[in-house]
$ cat work_36.cif   # mmCIF, C-alpha atoms
data_work
#
loop_
_atom_site.label_atom_id
_atom_site.label_comp_id
_atom_site.auth_asym_id
_atom_site.auth_seq_id
_atom_site.Cartn_x
_atom_site.Cartn_y
_atom_site.Cartn_z
CA MET A 11 -8.97 -69.83 -24.80
CA VAL A 12 -10.51 -66.79 -23.20
CA CYS A 13 -10.61 -63.17 -24.31
CA LYS A 14 -9.66 -60.84 -21.48
CA PRO A 15 -11.58 -57.56 -21.41
CA PRO A 16 -9.61 -54.37 -20.76
CA GLY A 17 -9.51 -53.03 -17.22
CA VAL A 18 -9.61 -56.48 -15.61
CA LEU A 19 -6.65 -57.96 -13.73
CA THR A 20 -5.40 -61.33 -14.94
CA GLN A 21 -4.99 -62.49 -11.33
CA ALA A 22 -5.65 -60.80 -8.00
CA PRO A 23 -5.68 -61.46 -4.25
CA PRO A 24 -8.80 -63.10 -2.79
CA GLY A 25 -11.86 -60.86 -2.83
CA ILE A 26 -10.73 -58.78 -5.85
CA ASP A 27 -12.23 -59.23 -9.31
CA SER A 28 -9.97 -60.84 -11.92
CA LEU A 29 -10.10 -62.88 -15.09
CA GLU A 30 -9.09 -65.96 -13.10
CA VAL A 31 -12.09 -65.53 -10.77
CA ARG A 32 -14.49 -64.94 -13.66
CA VAL A 33 -13.36 -68.06 -15.51
CA LYS A 34 -13.65 -70.17 -12.37
CA VAL A 35 -17.22 -68.93 -11.81
CA PHE A 36 -18.06 -69.67 -15.46
CA LEU A 37 -16.69 -73.23 -15.25
CA GLN A 38 -18.43 -73.81 -11.93
CA ARG A 39 -21.79 -72.85 -13.42
CA ARG A 40 -21.25 -74.72 -16.67
CA GLU A 41 -20.21 -77.91 -14.92
CA HIS A 42 -22.84 -77.51 -12.15
CA ALA A 43 -20.08 -77.85 -9.57
CA PRO A 44 -20.33 -76.42 -6.04
CA ARG A 45 -16.95 -74.74 -6.61
CA TRP A 46 -14.10 -74.84 -9.09
CA GLY A 47 -10.70 -75.93 -7.89
CA TYR A 48 -7.55 -75.68 -9.98
CA LEU A 49 -7.12 -73.19 -12.80
CA GLY A 50 -3.62 -72.43 -14.04
CA VAL A 51 -2.50 -69.09 -15.46
CA PRO A 52 0.67 -69.66 -17.54
CA HIS A 53 0.92 -66.06 -18.79
CA ARG A 54 -0.57 -62.62 -18.18
CA LEU A 55 -1.84 -59.51 -19.91
CA ASP A 56 -1.53 -55.98 -18.56
CA ARG A 57 -4.70 -54.81 -16.84
CA PRO A 58 -5.62 -52.12 -19.43
CA ALA A 59 -4.96 -54.44 -22.40
CA SER A 60 -7.40 -56.93 -23.92
CA GLY A 61 -7.19 -60.11 -25.91
CA ALA A 62 -6.33 -63.78 -26.20
CA MET A 63 -5.22 -65.81 -23.21
CA VAL A 64 -4.84 -69.53 -22.66
CA LEU A 65 -5.45 -71.12 -19.24
CA GLY A 66 -4.76 -74.60 -17.88
CA ARG A 67 -7.38 -76.84 -16.30
CA THR A 68 -4.76 -79.20 -14.85
CA ARG A 69 -1.35 -78.66 -13.28
CA ARG A 70 0.38 -80.73 -15.98
CA ALA A 71 -1.24 -78.74 -18.79
CA THR A 72 -0.32 -75.46 -17.11
CA GLN A 73 3.28 -76.58 -16.63
CA ARG A 74 3.62 -77.57 -20.29
CA LEU A 75 2.09 -74.29 -21.43
CA SER A 76 4.34 -72.31 -19.08
CA GLU A 77 7.38 -74.06 -20.53
CA GLN A 78 6.35 -72.99 -24.03
CA PHE A 79 5.97 -69.37 -22.94
CA SER A 80 9.26 -69.30 -21.02
CA SER A 81 11.19 -70.88 -23.92
CA ARG A 82 9.61 -68.43 -26.42
CA ARG A 83 7.91 -71.17 -28.42
CA VAL A 84 4.56 -69.36 -28.32
CA GLU A 85 3.96 -66.99 -31.22
CA LYS A 86 2.27 -63.84 -29.93
CA THR A 87 0.73 -61.20 -32.18
CA TYR A 88 -0.64 -57.95 -30.79
CA TRP A 89 -2.56 -55.12 -32.39
CA ALA A 90 -1.89 -51.59 -31.19
CA LEU A 91 -3.18 -48.14 -32.09
CA VAL A 92 -0.44 -45.60 -31.49
CA GLU A 93 -0.12 -41.84 -31.76
CA GLY A 94 1.67 -40.50 -34.83
CA VAL A 95 2.74 -42.10 -38.10
CA VAL A 96 5.35 -44.79 -37.53
CA GLU A 97 8.25 -44.74 -39.96
CA PRO A 98 9.40 -46.94 -41.50
CA ARG A 99 6.12 -48.81 -41.92
CA SER A 100 7.72 -52.06 -40.74
CA GLY A 101 10.81 -52.99 -38.83
CA THR A 102 12.35 -54.17 -35.59
CA TRP A 103 12.65 -52.30 -32.31
CA GLU A 104 15.55 -53.31 -30.07
CA ASP A 105 16.14 -51.78 -26.65
CA VAL A 106 17.44 -52.55 -23.20
CA MET A 107 14.82 -52.05 -20.52
CA ARG A 108 14.03 -52.89 -16.94
CA LYS A 109 11.15 -52.84 -14.48
CA VAL A 110 11.49 -49.84 -12.18
CA PRO A 111 12.08 -51.20 -8.65
CA GLY A 112 9.04 -50.75 -6.42
CA GLU A 113 6.90 -49.27 -9.20
CA ALA A 114 4.38 -50.65 -11.70
CA ARG A 115 6.22 -49.35 -14.76
CA ALA A 116 9.26 -50.02 -16.91
CA GLU A 117 11.97 -47.81 -18.36
CA ILE A 118 14.66 -47.82 -21.03
CA ALA A 119 17.97 -48.57 -19.30
CA ASN A 120 21.69 -48.94 -19.84
CA ALA A 121 22.85 -52.49 -20.42
CA ASP A 122 24.72 -52.54 -17.09
CA ALA A 123 21.77 -51.25 -15.01
CA PRO A 124 20.44 -53.66 -12.35
CA GLY A 125 17.65 -55.77 -13.81
CA ALA A 126 18.25 -54.57 -17.38
CA ARG A 127 17.33 -57.03 -20.12
CA PRO A 128 17.13 -56.88 -23.92
CA ALA A 129 13.72 -56.21 -25.48
CA VAL A 130 13.02 -57.03 -29.13
CA LEU A 131 9.85 -56.85 -31.20
CA ARG A 132 8.91 -56.79 -34.88
CA TYR A 133 6.14 -54.55 -36.17
CA ARG A 134 4.31 -53.74 -39.39
CA THR A 135 1.75 -51.07 -40.17
CA LEU A 136 -1.74 -52.38 -40.93
CA GLY A 137 -3.32 -48.98 -41.55
CA THR A 138 -3.66 -45.40 -40.45
CA THR A 139 -6.14 -43.67 -38.19
CA PRO A 140 -6.96 -40.00 -37.51
CA TRP A 141 -4.56 -40.29 -34.54
CA GLY A 142 -1.69 -42.24 -36.05
CA SER A 143 -0.85 -45.84 -36.91
CA TRP A 144 -2.43 -49.27 -36.49
CA LEU A 145 0.33 -51.79 -35.88
CA ALA A 146 0.65 -55.57 -35.79
CA ILE A 147 3.41 -56.53 -33.37
CA GLU A 148 5.21 -59.83 -32.82
CA LEU A 149 7.19 -60.16 -29.61
CA GLU A 150 10.55 -61.87 -29.56
CA THR A 151 10.94 -61.16 -25.84
CA GLY A 152 8.29 -60.71 -23.18
CA ARG A 153 9.25 -57.90 -20.81
CA THR A 154 7.03 -55.96 -18.42
CA HIS A 155 5.14 -53.32 -20.42
CA GLN A 156 7.45 -53.98 -23.36
CA ILE A 157 5.22 -52.86 -26.25
CA ARG A 158 3.94 -49.88 -24.29
CA LEU A 159 7.41 -48.65 -23.39
CA GLN A 160 9.11 -49.32 -26.72
CA ALA A 161 6.36 -47.51 -28.64
CA ALA A 162 6.24 -44.57 -26.24
CA SER A 163 10.03 -44.17 -26.19
CA ARG A 164 9.88 -43.54 -29.94
CA GLY A 165 7.20 -40.88 -29.62
CA HIS A 166 4.31 -43.23 -30.41
CA PRO A 167 2.48 -43.99 -27.15
CA ILE A 168 -0.46 -46.36 -27.32
CA LEU A 169 -3.80 -44.54 -27.34
CA GLY A 170 -5.15 -44.13 -23.82
CA ASP A 171 -1.89 -45.14 -22.15
CA VAL A 172 -1.40 -42.05 -19.97
CA GLN A 173 1.15 -43.94 -17.87
CA TYR A 174 3.52 -43.74 -20.83
CA GLY A 175 2.59 -40.29 -22.08
CA ALA A 176 -0.46 -40.78 -24.31
CA GLN A 177 -2.41 -37.61 -25.11
CA VAL A 178 -5.27 -39.26 -27.04
CA PRO A 179 -7.99 -40.92 -24.92
CA PHE A 180 -9.31 -44.36 -25.80
CA GLY A 181 -12.34 -46.49 -25.00
CA PRO A 182 -15.17 -45.91 -22.56
CA MET A 183 -14.47 -43.45 -19.77
CA CYS A 184 -14.50 -44.95 -16.26
CA ASP A 185 -14.55 -43.24 -12.87
CA ASP A 186 -11.77 -45.57 -11.74
CA PRO A 187 -8.71 -44.94 -13.94
CA ARG A 188 -7.51 -48.48 -13.25
CA GLU A 189 -10.46 -49.81 -15.27
CA ARG A 190 -9.73 -47.77 -18.39
CA ALA A 191 -8.63 -49.41 -21.62
CA ILE A 192 -5.61 -48.79 -23.77
CA ALA A 193 -5.43 -49.64 -27.48
CA LEU A 194 -3.36 -52.81 -27.02
CA HIS A 195 -4.95 -56.13 -27.94
CA ALA A 196 -3.47 -59.63 -27.89
CA ARG A 197 -4.83 -60.66 -31.27
CA GLN A 198 -3.38 -64.14 -31.74
CA LEU A 199 -1.54 -66.92 -29.91
CA ALA A 200 0.00 -69.97 -31.59
CA PHE A 201 1.30 -72.87 -29.47
CA ARG A 202 1.28 -76.66 -29.07
CA HIS A 203 -1.63 -78.32 -27.30
CA PRO A 204 -0.26 -79.46 -23.92
CA LYS A 205 -1.75 -82.95 -24.28
CA THR A 206 -1.83 -83.80 -28.00
CA HIS A 207 1.11 -81.56 -29.00
CA GLU A 208 -0.85 -80.54 -32.09
CA PRO A 209 -0.43 -76.92 -33.26
CA VAL A 210 -3.14 -74.58 -31.98
CA SER A 211 -3.81 -71.03 -33.13
CA ILE A 212 -6.36 -68.84 -31.36
CA GLU A 213 -7.59 -65.39 -32.32
CA ALA A 214 -9.41 -62.93 -30.08
CA PRO A 215 -12.06 -60.54 -31.45
CA LEU A 216 -11.55 -56.84 -30.89
CA PRO A 217 -13.59 -54.95 -28.30
CA ALA A 218 -16.52 -53.22 -29.99
CA PHE A 219 -15.11 -49.74 -29.39
CA TRP A 220 -11.92 -50.26 -31.42
CA PRO A 221 -12.16 -47.76 -34.31
CA VAL A 222 -10.31 -49.76 -36.97
CA HIS A 223 -13.09 -51.25 -39.06
CA GLY A 224 -12.71 -49.95 -42.60
CA VAL A 225 -9.47 -48.12 -41.82
CA ALA A 226 -7.38 -47.30 -44.89
#
$ encode --input "work_36.cif" --output "structure tokens"
Amino acid sequence: MVCKPPGVLTQAPPGIDSLEVRVKVFLQRREHAPRWGYLGVPHRLDRPASGAMVLGRTRRATQRLSEQFSSRRVEKTYWALVEGVVEPRSGTWEDVMRKVPGEARAEIANADAPGARPAVLRYRTLGTTPWGSWLAIELETGRTHQIRLQAASRGHPILGDVQYGAQVPFGPMCDDPRERAIALHARQLAFRHPKTHEPVSIEAPLPAFWPVHGVA
């Protein structure tokens, strides 16, 4: 398990910083190897989000992990700080959405629109903040920018997520807007170990600047 920091790409073309590159460098130094070869990435996190990720050190392990993600056998829990008070305090959000062709964003769509797919998540309120609500979210589907879009479409954009209409800033300010954080954190992943098939649950600590400690 690794904990991806916000503002870092999961994967990138050669010569560009990414979580994949950083983990390879770490393994290379730890194992005293001249270089590190294979590292599989069975799932991804949005660049401005942070949190738990699992990577594969062999092709077989990566394939088995990928199958669990694609068949929705991985339990994924996210924490999000959103603008406004979410009512009711728990529930299910169901939409139809699609990735906008040629753009790095998603939109709510009609069911017959090209590329439209159902998007379902369950949420519950963990607390309140001066800006709104602190949510725990469990994904039933895994669409591009799903949590970000579904929250924003209900008037509750994630803090710092200006792409989807957020007004409240979040995290350290960066000169490069691509490196800025949003208040979306992959808190927990539960899956089967690709070799032993034993249940595994991993939990990622929050970045230090998350203002939720002691929240009512």
$ atom_distance --input "work_36.cif" --atom1 "CA of Val178 in chain A" --atom2 "CA of Trp144 in chain A"
14.1 Å
$ axis_aligned_box --input "work_36.cif" --around "range 79-96 of chain A" --padding-each-side "8 Å" --output "JSON"
{"center_x": 4.0, "center_y": -55.8, "center_z": -29.6, "size_x": 30.4, "size_y": 46.7, "size_z": 33.1}
$ resolve_selection --input "work_36.cif" --expression "the PyMOL selection byres ((chain A and resi 168) around 10)" --output "count of residues only"
31
$ closest_residue --input "work_36.cif" --among "A:Pro58, A:Pro215, A:Gly181, A:Gly50" --to "Thr72 in chain A" --atoms "only C-alpha atoms"
A:Gly50
$ resolve_selection --input "work_36.cif" --expression "the PyMOL selection byres ((chain A and resi 152) around 9)" --output "PyMOL selection string"
chain A and resi 79-80+82+129-130+149-151+153-157
$ closest_residue --input "work_36.cif" --among "A:His203, A:Gln198, A:Gln38, A:Leu131" --to "Gln78 in chain A" --atoms "all atoms listed in the file"
A:His203
$ residues_around --input "work_36.cif" --residues "Ser100 in chain A" --least-positions-apart "3" --cutoff "8 Å" --atoms "all atoms listed in the file" --output "list of chain:residue names"
A:Glu97, A:Arg132, A:Tyr133, A:Arg134, A:Thr135
$ resolve_selection --input "work_36.cif" --expression "the PyMOL selection byres ((chain A and resi 195) around 6)" --output "NGL selection string"
:A and (59-61 or 88-89 or 194 or 196-197)
$ closest_residue --input "work_36.cif" --among "A:Thr138, A:Thr102, A:Thr68, A:Ser28" --to "Glu189 in chain A" --atoms "all atoms listed in the file"
A:Ser28
$ residues_near_point --input "work_36.cif" --point "(3.0, -70.1, -34.6)" --cutoff "8 Å" --atoms "only C-alpha atoms" --output "mmCIF file with C-alpha atoms, keeping the file's coordinate frame"
data_model
loop_
_atom_site.group_PDB
_atom_site.id
_atom_site.type_symbol
_atom_site.label_atom_id
_atom_site.label_comp_id
_atom_site.auth_asym_id
_atom_site.auth_seq_id
_atom_site.Cartn_x
_atom_site.Cartn_y
_atom_site.Cartn_z
ATOM 1 C CA ARG A 83 7.910 -71.170 -28.420
ATOM 2 C CA VAL A 84 4.560 -69.360 -28.320
ATOM 3 C CA GLU A 85 3.960 -66.990 -31.220
ATOM 4 C CA LYS A 86 2.270 -63.840 -29.930
ATOM 5 C CA LEU A 199 -1.540 -66.920 -29.910
ATOM 6 C CA ALA A 200 0.000 -69.970 -31.590
ATOM 7 C CA PHE A 201 1.300 -72.870 -29.470
ATOM 8 C CA PRO A 209 -0.430 -76.920 -33.260
ATOM 9 C CA SER A 211 -3.810 -71.030 -33.130
#
$ atom_distance --input "work_36.cif" --atom1 "CA of Ala214 in chain A" --atom2 "CA of Gln21 in chain A"
19.3 Å
$ closest_residue --input "work_36.cif" --among "A:Met107, A:Val12, A:Val31, A:Cys184" --to "Asn120 in chain A" --atoms "all atoms listed in the file"
A:Met107
$ atom_distance --input "work_36.cif" --atom1 "CA of Lys34 in chain A" --atom2 "CA of Ala191 in chain A"
23.3 Å
$ decode --input "work_36.cif" --residues "range 46-199 of chain A" --atoms "C-alpha atoms" --output "short mmCIF file (atom, residue, chain, number, x, y, z; two decimals), in the first residue's frame"
data_model
loop_
_atom_site.label_atom_id
_atom_site.label_comp_id
_atom_site.auth_asym_id
_atom_site.auth_seq_id
_atom_site.Cartn_x
_atom_site.Cartn_y
_atom_site.Cartn_z
CA TRP A 46 13.40 -1.14 -10.83
CA GLY A 47 11.56 -2.98 -13.56
CA TYR A 48 7.89 -3.92 -13.36
CA LEU A 49 5.39 -2.06 -11.20
CA GLY A 50 1.70 -2.52 -11.92
CA VAL A 51 -0.96 0.14 -11.35
CA PRO A 52 -4.37 -1.59 -11.14
CA HIS A 53 -6.32 1.58 -10.28
CA ARG A 54 -5.90 5.36 -10.15
CA LEU A 55 -6.68 8.43 -8.10
CA ASP A 56 -7.38 11.87 -9.51
CA ARG A 57 -4.34 14.12 -9.43
CA PRO A 58 -5.69 16.59 -6.80
CA ALA A 59 -6.94 13.79 -4.51
CA SER A 60 -4.91 11.92 -1.90
CA GLY A 61 -5.05 8.56 -0.21
CA ALA A 62 -4.73 4.80 -0.29
CA MET A 63 -3.55 2.96 -3.37
CA VAL A 64 -2.42 -0.60 -3.95
CA LEU A 65 0.25 -1.46 -6.54
CA GLY A 66 1.44 -4.77 -7.97
CA ARG A 67 5.05 -5.94 -7.96
CA THR A 68 4.36 -8.73 -10.46
CA ARG A 69 2.17 -8.97 -13.55
CA ARG A 70 0.11 -11.79 -12.04
CA ALA A 71 -0.56 -9.83 -8.85
CA THR A 72 -1.53 -6.75 -10.86
CA GLN A 73 -3.89 -8.77 -13.05
CA ARG A 74 -5.62 -10.30 -10.04
CA LEU A 75 -5.97 -6.92 -8.37
CA SER A 76 -7.28 -5.35 -11.59
CA GLU A 77 -9.91 -8.08 -11.83
CA GLN A 78 -11.11 -7.25 -8.31
CA PHE A 79 -11.41 -3.56 -9.16
CA SER A 80 -13.18 -4.17 -12.48
CA SER A 81 -15.67 -6.61 -10.91
CA ARG A 82 -16.36 -4.18 -8.02
CA ARG A 83 -15.09 -6.57 -5.36
CA VAL A 84 -12.89 -3.89 -3.81
CA GLU A 85 -14.55 -1.87 -1.06
CA LYS A 86 -13.54 1.78 -1.41
CA THR A 87 -14.21 4.41 1.24
CA TYR A 88 -13.44 8.08 0.65
CA TRP A 89 -13.55 11.09 2.92
CA ALA A 90 -14.62 14.42 1.45
CA LEU A 91 -15.10 17.93 2.79
CA VAL A 92 -17.83 19.64 0.82
CA GLU A 93 -19.41 23.09 0.79
CA GLY A 94 -22.78 23.42 2.50
CA VAL A 95 -24.74 21.15 4.83
CA VAL A 96 -25.74 17.93 3.09
CA GLU A 97 -29.31 16.82 3.72
CA PRO A 98 -30.31 14.20 4.53
CA ARG A 99 -27.23 13.30 6.59
CA SER A 100 -26.95 9.92 4.86
CA GLY A 101 -28.25 8.42 1.67
CA THR A 102 -27.55 7.30 -1.87
CA TRP A 103 -26.79 9.44 -4.90
CA GLU A 104 -27.75 7.97 -8.27
CA ASP A 105 -27.05 9.72 -11.56
CA VAL A 106 -26.19 9.09 -15.18
CA MET A 107 -22.90 10.69 -16.17
CA ARG A 108 -20.25 10.60 -18.85
CA LYS A 109 -16.73 11.80 -19.51
CA VAL A 110 -16.83 14.87 -21.75
CA PRO A 111 -15.17 13.90 -25.06
CA GLY A 112 -11.75 15.49 -25.46
CA GLU A 113 -11.82 17.12 -22.02
CA ALA A 114 -10.55 16.19 -18.55
CA ARG A 115 -13.94 16.49 -16.88
CA ALA A 116 -17.25 14.68 -16.54
CA GLU A 117 -20.87 15.81 -16.71
CA ILE A 118 -24.36 14.67 -15.77
CA ALA A 119 -25.98 13.26 -18.91
CA ASN A 120 -29.16 11.76 -20.31
CA ALA A 121 -29.26 7.99 -20.30
CA ASP A 122 -29.15 7.87 -24.12
CA ALA A 123 -26.14 10.21 -24.46
CA PRO A 124 -23.01 8.68 -26.02
CA GLY A 125 -20.77 7.27 -23.29
CA ALA A 126 -23.38 7.74 -20.55
CA ARG A 127 -23.18 5.29 -17.65
CA PRO A 128 -24.92 4.98 -14.28
CA ALA A 129 -23.11 6.37 -11.23
CA VAL A 130 -24.06 5.29 -7.71
CA LEU A 131 -22.54 6.08 -4.32
CA ARG A 132 -23.58 5.90 -0.67
CA TYR A 133 -22.65 8.63 1.78
CA ARG A 134 -22.98 9.48 5.46
CA THR A 135 -22.12 12.63 7.35
CA LEU A 136 -19.23 12.29 9.80
CA GLY A 137 -19.32 15.87 11.04
CA THR A 138 -19.63 19.52 10.17
CA THR A 139 -17.05 22.18 9.43
CA PRO A 140 -17.21 25.99 9.15
CA TRP A 141 -17.63 25.44 5.39
CA GLY A 142 -20.10 22.56 5.29
CA SER A 143 -20.06 18.79 5.71
CA TRP A 144 -17.49 16.05 6.24
CA LEU A 145 -18.65 12.94 4.38
CA ALA A 146 -17.68 9.28 4.25
CA ILE A 147 -18.44 7.91 0.79
CA GLU A 148 -18.60 4.35 -0.51
CA LEU A 149 -18.55 3.92 -4.27
CA GLU A 150 -20.73 1.34 -5.96
CA THR A 151 -19.46 2.41 -9.39
CA GLY A 152 -16.15 3.96 -10.36
CA ARG A 153 -16.67 6.67 -12.96
CA THR A 154 -14.30 9.47 -13.96
CA HIS A 155 -14.56 12.25 -11.35
CA GLN A 156 -17.67 10.56 -9.96
CA ILE A 157 -17.61 11.86 -6.37
CA ARG A 158 -16.55 15.32 -7.49
CA LEU A 159 -19.33 15.62 -10.05
CA GLN A 160 -22.12 14.05 -8.02
CA ALA A 161 -21.39 16.28 -5.02
CA ALA A 162 -21.05 19.44 -7.11
CA SER A 163 -24.24 18.75 -9.08
CA ARG A 164 -26.14 18.87 -5.78
CA GLY A 165 -24.64 22.20 -4.77
CA HIS A 166 -21.93 20.69 -2.57
CA PRO A 167 -18.61 20.94 -4.44
CA ILE A 168 -15.55 19.50 -2.75
CA LEU A 169 -13.40 22.17 -1.10
CA GLY A 170 -10.73 23.43 -3.47
CA ASP A 171 -12.25 21.77 -6.53
CA VAL A 172 -12.57 24.86 -8.73
CA GLN A 173 -13.03 22.63 -11.78
CA TYR A 174 -16.46 21.75 -10.42
CA GLY A 175 -17.40 25.11 -8.98
CA ALA A 176 -15.84 25.21 -5.50
CA GLN A 177 -15.64 28.65 -3.91
CA VAL A 178 -13.73 27.64 -0.76
CA PRO A 179 -9.96 27.13 -1.17
CA PHE A 180 -8.23 24.13 0.35
CA GLY A 181 -4.70 23.07 1.25
CA PRO A 182 -1.38 24.77 0.55
CA MET A 183 -1.37 27.29 -2.27
CA CYS A 184 0.83 26.36 -5.25
CA ASP A 185 1.97 28.45 -8.19
CA ASP A 186 1.00 25.61 -10.51
CA PRO A 187 -2.77 25.03 -10.18
CA ARG A 188 -2.29 21.42 -11.27
CA GLU A 189 -0.45 20.72 -8.01
CA ARG A 190 -3.21 22.03 -5.74
CA ALA A 191 -5.16 19.71 -3.46
CA ILE A 192 -8.86 19.14 -3.15
CA ALA A 193 -10.54 17.78 -0.02
CA LEU A 194 -11.01 14.25 -1.37
CA HIS A 195 -9.11 11.43 0.31
CA ALA A 196 -9.19 7.69 -0.38
CA ARG A 197 -9.41 6.64 3.24
CA GLN A 198 -9.72 2.86 3.02
CA LEU A 199 -9.45 -0.05 0.58
#
